[in-house]
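Down below is the structure, laid out as structure tokens.
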Amino acid sequence: MTADPPAASPTEVPLPPVAERRPHRLSAHGDERVDDWFWMRERDDPAVIAHLEAENAYTAAVLARTEALQERLYTEMVGRIEESDESAPSPYGPWQYSLRTVEGLQYGIHCRRPRGGGDEQVVLDENDLAAGHPFLEVANIRVSPDHATLAYATDTTGGERYTLRFRDLGTGRDLPDEVPDTYYGLAWADDGRTVLYLRPDAALRPFQVWRHLLGTPAADDVLVHQEGDERFFVYLGRTRSGRFLVIHAESATTSESYVVPAAAPGTPPRLVAAREAGVEYRLDHQGDRFLILSNRSGPDFALFAAPDDAGGADTWTPIVALVPGTRLEQVAAFSTHVVVAERGDATTRLRVLGAGDATVRLVEAPDAVGAVWIGPNLEYDTPTLRYGWSSLATPATDVDHDLATGEETVVKTQPVRGGYDPEQYRTARLWAPAPDGTRVPVSVLHRHDLALDGSAPALLYGYGAYESSVDPTFRSTRLALVDRGFVYAIAHIRGGGEMGRTWYDDGHLLHKPNSFSDFVAAAEHLTAEGYTSAGRIAARGGSAGGLLVGASVNLAPALFGAVVAEVPFVDVLTTMADPTIPLTVIEWEEWGNPAAAEEYAVMRSYSPYDNLRAEEYPPILATTGLNDARVQFWEPAKWVQRLRAETTGRGPVLLHSDLTSGHGGPSGRYDALRQEALVLAFVLDALGVTGERDGDGA
């Protein structure tokens, strides 16, 4: 392995004009702050767009020396995917549904074939919908129960407000019906003509359920339910049994559900159990009962049953008892069995329940540094469970599991082109000691012949929020680093859900600083175990993970040799103090409300933007999307300005803005790989690592 020349510095590539300082004073609880770049939130100000464009030009100039490397990385990543491929078919009624990709096309093609054999029918070609648009996201793809009509919704800005449409699957043409300004979530009624859908408020909070009848104007749609509490999101679904449409309202700590008979969609929603502060539940349906996952008896959830014609939690009876440290996450009901997805000790498994609700078997991933999950199971009356599993070294595998016998059939393993051999790689589970003595799980991937002498570069990824778990599953794009001698690691820090509900509780609100010290501890442990060394670690995270890496580099700037912060939530205090910004109010239960002095003080202690100081920061790349509704573009834009004002390091500090997308970045699969090539080239360049792969003459 050889080192390239050092990255281009700001002295070699002229910086863009420094954004004008317009001091804006902020005050709370006796704390005075001055935000020189508060004005950047003015999206319609031509100076803002001009600034983002200038930053893009600067980033392109600094990374110009990596253009050949970016092209090699892109070609490699494309060369590993099966460009023309098809998902494992999912049986549903008389059809089998699947998603196809075609070499050279950016988007998927949804199709179906008769279950008994026959010609393919294209249900929806996203490439046709994308024509003329630089961005496309498709949501709410739902086939009616009679398989005659397709509902789908499109967003062409990245702003996550969708237009709902319907397609006649007999003719392949769209119906005149068109419903603007909708959100994720849709449920068909039995008649194949009625749908319930969601609408968001001005803060992008889904808060209304509406009913639409095919063939009628959207102006005639009926409001079915409205959630008045700004802390609650509303979700929509249909039980696998087909009996009920479910309206689910949920905050970060509390939830409740309503049901509507699918055979009588005009019936007023019926409450299953009234909300109680701190009590969460979700349900599915089997026979004449609801199956309910709830934390009513303890933080890691238990499984209950309740008559489907009664209301109130006093009718619930336990089926799977609470086991502290084992978090029950999902229930899937079938006509003869029940499957529960559970998680504990940073591993996942599926529990299969049979007659009398007895556990008949457990299904686990073959690799301990891997994960197993419930797959797409569209049918209720079926003898087969479709599940998936993967590890850091093993591509995703779809398996059909006979619920009665446990016999299994591999349906599909995701192909990896280019002669990929999993035996050439090693995985490991480490346990990093945090400052308070907590053991933090870290999942690791590297080549089998890597010398654990501290000389290898590493990329450490983390998220650690919303009880969301980052499972150690396969992604072929990581091989671009691992085959160049990198260690790839995931820090399963507090704030996520990998170790049960208490793992989340210990990493949010007043305990949020644990997430950052956990991440630093993971990096330090990788060095202590010889996987890498200080200054050879690239930290990467997106959204709340961008906050993570921003706060962590403030804690230990010398530990990291590069930072990639994608759509990073780095201006925590200012955003959480502004309820007009989309999603702020519901986020108070995750991060805190600055109006509360204690919560303000904790956020003030870690907010990346507010804790920058004169320090030798490593090279940093921040990314954003102009239309991002979840983390506003001005957060990374401001952060980059203040970083440049404070850093004493050689840099560079870069901002890359996609002016046509939102939170998820480019929507086309090839465009997304181009973006990934840019990120990986930045990492390689910042750490001075050769662009050659192992075995390529490096």
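Naming works like this for the structure tokens: A, B, ... for the chains as they're shown, residue 1 at the start of each chain, ligands 1 onward in shown order.
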
Exercise for the section: Can you check which residues of region 249-315 of chain A DSSP gives as strand (DSSP E or B) on the backbone and send them as a list of chain:residue names? Expected result: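 Residues meeting the strand (DSSP E or B) criterion: A:Ala249, A:Glu250, A:Ser255, A:Glu256, A:Ser257, A:Tyr258, A:Val259, A:Val260, A:Pro261, A:Arg270, A:Leu271, A:Tyr281, A:Arg282, A:Leu283, A:Asp284, A:His285, A:Gln286, A:Arg289, A:Phe290, A:Leu291, A:Ile292, A:Leu293, A:Ser294, A:Ala302, A:Leu303, A:Phe304, A:Ala305, A:Ala306, A:Pro307.
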
Problem - Who sits within 8 Å of region 565-579 of chain A, only C-alpha atoms, same chain under 6 positions skipped, as a PyMOL selection string - result: chain A and resi 540-547+549-550+585+587-588+592-595+600+603-604+607-610+620-625+631+633+635-636+639+663

Could the residues in this selection be saved with C-alpha atoms as a PDB file, in the first residue's frame?
```
ATOM      1  CA  ARG A 540     -19.039   8.697   8.571  1.00  0.00           C
ATOM      2  CA  GLY A 541     -22.663   9.310   9.443  1.00  0.00           C
ATOM      3  CA  GLY A 542     -25.806  10.787   7.917  1.00  0.00           C
ATOM      4  CA  SER A 543     -28.652  12.877   9.323  1.00  0.00           C
ATOM      5  CA  ALA A 544     -28.636  12.080  13.066  1.00  0.00           C
ATOM      6  CA  GLY A 545     -25.418  10.218  12.246  1.00  0.00           C
ATOM      7  CA  GLY A 546     -24.090  13.501  10.878  1.00  0.00           C
ATOM      8  CA  LEU A 547     -24.751  15.023  14.285  1.00  0.00           C
ATOM      9  CA  VAL A 549     -19.715  12.539  13.754  1.00  0.00           C
ATOM     10  CA  GLY A 550     -19.881  16.321  14.170  1.00  0.00           C
ATOM     11  CA  VAL A 585     -42.060  19.590  17.548  1.00  0.00           C
ATOM     12  CA  GLU A 587     -38.345  15.822  17.697  1.00  0.00           C
ATOM     13  CA  TRP A 588     -38.572  17.397  21.152  1.00  0.00           C
ATOM     14  CA  GLY A 592     -35.248  17.862  24.032  1.00  0.00           C
ATOM     15  CA  ASN A 593     -37.110  21.173  24.045  1.00  0.00           C
ATOM     16  CA  PRO A 594     -34.801  24.191  24.417  1.00  0.00           C
ATOM     17  CA  ALA A 595     -37.518  25.902  26.445  1.00  0.00           C
ATOM     18  CA  TYR A 600     -31.224  23.219  26.670  1.00  0.00           C
ATOM     19  CA  MET A 603     -28.040  20.232  23.798  1.00  0.00           C
ATOM     20  CA  ARG A 604     -25.833  23.288  24.262  1.00  0.00           C
ATOM     21  CA  SER A 607     -24.493  20.865  19.379  1.00  0.00           C
ATOM     22  CA  PRO A 608     -21.716  20.614  16.750  1.00  0.00           C
ATOM     23  CA  TYR A 609     -22.269  24.099  15.315  1.00  0.00           C
ATOM     24  CA  ASP A 610     -22.188  25.731  18.744  1.00  0.00           C
ATOM     25  CA  ILE A 620     -14.321  17.257   6.375  1.00  0.00           C
ATOM     26  CA  LEU A 621     -16.901  16.687   3.629  1.00  0.00           C
ATOM     27  CA  ALA A 622     -20.487  17.711   4.322  1.00  0.00           C
ATOM     28  CA  THR A 623     -23.328  16.980   1.914  1.00  0.00           C
ATOM     29  CA  THR A 624     -26.864  18.308   1.653  1.00  0.00           C
ATOM     30  CA  GLY A 625     -29.909  18.477  -0.613  1.00  0.00           C
ATOM     31  CA  VAL A 631     -32.459  18.407   7.885  1.00  0.00           C
ATOM     32  CA  PHE A 633     -29.741  22.580   3.853  1.00  0.00           C
ATOM     33  CA  GLU A 635     -27.380  23.441   8.754  1.00  0.00           C
ATOM     34  CA  PRO A 636     -24.351  21.925   6.951  1.00  0.00           C
ATOM     35  CA  TRP A 639     -21.400  24.480   9.864  1.00  0.00           C
ATOM     36  CA  HIS A 663     -32.772  14.079   2.377  1.00  0.00           C
TER      37      HIS A 663
END
```

Handout entry: Near-region 358-369 of chain A list (9 Å; only C-alpha atoms; drop same-chain fewer than 6 positions) as a VMD selection string
Key = chain A and resid 319 to 320 346 to 352 388 to 394 404 406 427 to 429 443 to 444 471 to 473

Handout entry: Spatial neighbours of Glu126 (chain A), max dist 6 Å, only C-alpha atoms, sep filter under 6 positions, as a VMD selection string
Key = chain A and resid 107 to 109

Handout entry: All residues 8 Å or closer to Leu559 (chain A), only C-alpha atoms, same chain fewer than 2 positions away omitted, as JSON, numbers by chain
Key = {"A": [523, 524, 534, 535, 536, 537, 553, 556, 557, 561]}

Limited to N, CA and C atoms, could you put the picked residues into a file as a CSV table (one decimal), in the first residue's frame?
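Output saved as out.csv:
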```
chain,number,residue,atom,x,y,z
A,523,ALA,N,-13.8,4.1,18.3
A,523,ALA,CA,-12.7,4.4,17.5
A,523,ALA,C,-11.4,4.1,18.3
A,524,GLU,N,-11.4,4.4,19.6
A,524,GLU,CA,-10.2,4.2,20.4
A,524,GLU,C,-10.0,2.7,20.6
A,534,ALA,N,-4.8,6.2,15.5
A,534,ALA,CA,-5.3,7.5,15.6
A,534,ALA,C,-4.9,8.3,14.4
A,535,GLY,N,-5.8,9.1,13.8
A,535,GLY,CA,-5.5,9.8,12.6
A,535,GLY,C,-5.7,9.0,11.3
A,536,ARG,N,-5.9,7.7,11.4
A,536,ARG,CA,-6.2,6.9,10.3
A,536,ARG,C,-7.6,6.5,10.1
A,537,ILE,N,-8.5,7.1,10.9
A,537,ILE,CA,-9.9,6.7,11.0
A,537,ILE,C,-10.7,7.7,10.3
A,553,VAL,N,-16.2,14.5,16.5
A,553,VAL,CA,-14.9,15.2,16.1
A,553,VAL,C,-14.6,16.4,17.0
A,556,ALA,N,-12.9,14.6,20.0
A,556,ALA,CA,-11.5,14.0,19.8
A,556,ALA,C,-11.1,14.3,18.4
A,557,PRO,N,-10.7,15.5,18.0
A,557,PRO,CA,-10.4,15.8,16.6
A,557,PRO,C,-9.2,15.1,16.1
A,561,GLY,N,-9.0,11.1,10.9
A,561,GLY,CA,-8.2,11.6,9.8
A,561,GLY,C,-9.1,12.2,8.7
```

Problem - Close residues, Val48 (chain A) itself excluded, 10 Å, only C-alpha atoms, min 5 positions apart in chain, as a PyMOL selection string - result: chain A and resi 19+39-43+53-54+634+637

Filtering to C-alpha atoms, could you give me those residues as a PDB file, in the first residue's frame?
```pdb
ATOM      1  CA  ALA A  19     -20.184  34.092   3.210  1.00  0.00           C
ATOM      2  CA  TRP A  39     -29.463  34.349   7.201  1.00  0.00           C
ATOM      3  CA  MET A  40     -28.600  31.301   5.106  1.00  0.00           C
ATOM      4  CA  ARG A  41     -32.040  29.873   5.865  1.00  0.00           C
ATOM      5  CA  GLU A  42     -33.520  32.302   3.327  1.00  0.00           C
ATOM      6  CA  ARG A  43     -34.014  29.742   0.562  1.00  0.00           C
ATOM      7  CA  GLU A  53     -23.103  26.969  -6.233  1.00  0.00           C
ATOM      8  CA  ALA A  54     -19.769  28.548  -5.316  1.00  0.00           C
ATOM      9  CA  TRP A 634     -28.574  25.587   5.842  1.00  0.00           C
ATOM     10  CA  ALA A 637     -23.867  25.175   4.969  1.00  0.00           C
TER      11      ALA A 637
END
```

Practice task
Within 12 Å of Tyr466 (chain A), counting only C-alpha atoms, which residues show up once you throw out same-chain ones fewer than 2 positions away? Write them as an NGL selection string, please.
Solution key: :A and (251-253 or 463-464 or 468-470 or 493-498 or 501 or 503-509 or 512 or 515 or 543-545 or 586-591)

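Between Thr254 (chain A) and the candidates A:Asn295, A:Thr194, A:Thr171, A:Asn140, the tightest atom-to-atom separation, counting only C-alpha atoms, involves A:Asn295.
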
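Taking CA of Gln330 (chain A) and CA of Ala88 (chain A) as endpoints, the distance between them is 22.0 Å.
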
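Atom pair CA of His51 (chain A) / CA of Gly665 (chain A): separated by 19.4 Å.
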
Practice task
Pick out the closest residue to Glu599 (chain A) from this set: A:Pro513, A:Pro666, A:Pro307, A:Pro383. Count only C-alpha atoms.
Solution key: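 Closest candidate: A:Pro513.
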
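Take the candidates A:Val442, A:Val246, A:Leu655, A:Val399 and check each one against Gly375 (chain A) using only C-alpha atoms; the shortest distance goes to A:Val399.
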
Handout entry: Proximity to Arg65 (chain A) - best of A:Val34, A:Val338, A:Ala489, A:Val13, only C-alpha atoms
Key =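 When distances to Arg65 (chain A) are compared using only C-alpha atoms, the smallest one comes from A:Val13.
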
Practice task
Please run DSSP on the backbone and report, as number ranges by chain, all residues within region 330-548 of chain A that come out as helix (DSSP H, G or I).
Solution key: A: 355-357, 422-424, 476-482, 501-505, 509-511, 513-528, 544-548

Practice task
Point out the residue among A:Ser533, A:Ala64, A:Val410, A:Leu626 with the least atom-to-atom distance to Ser657 (chain A), counting only C-alpha atoms.
Solution key: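 Among the listed residues, A:Leu626 lies closest to Ser657 (chain A).
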
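Proximity ranking of A:Pro91, A:Pro619, A:Gly298, A:Gly344 relative to Leu378 (chain A) places A:Pro91 first, based on only C-alpha atoms.
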
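Between CA of His492 (chain A) and CA of His448 (chain A) the interatomic distance comes to 22.9 Å.
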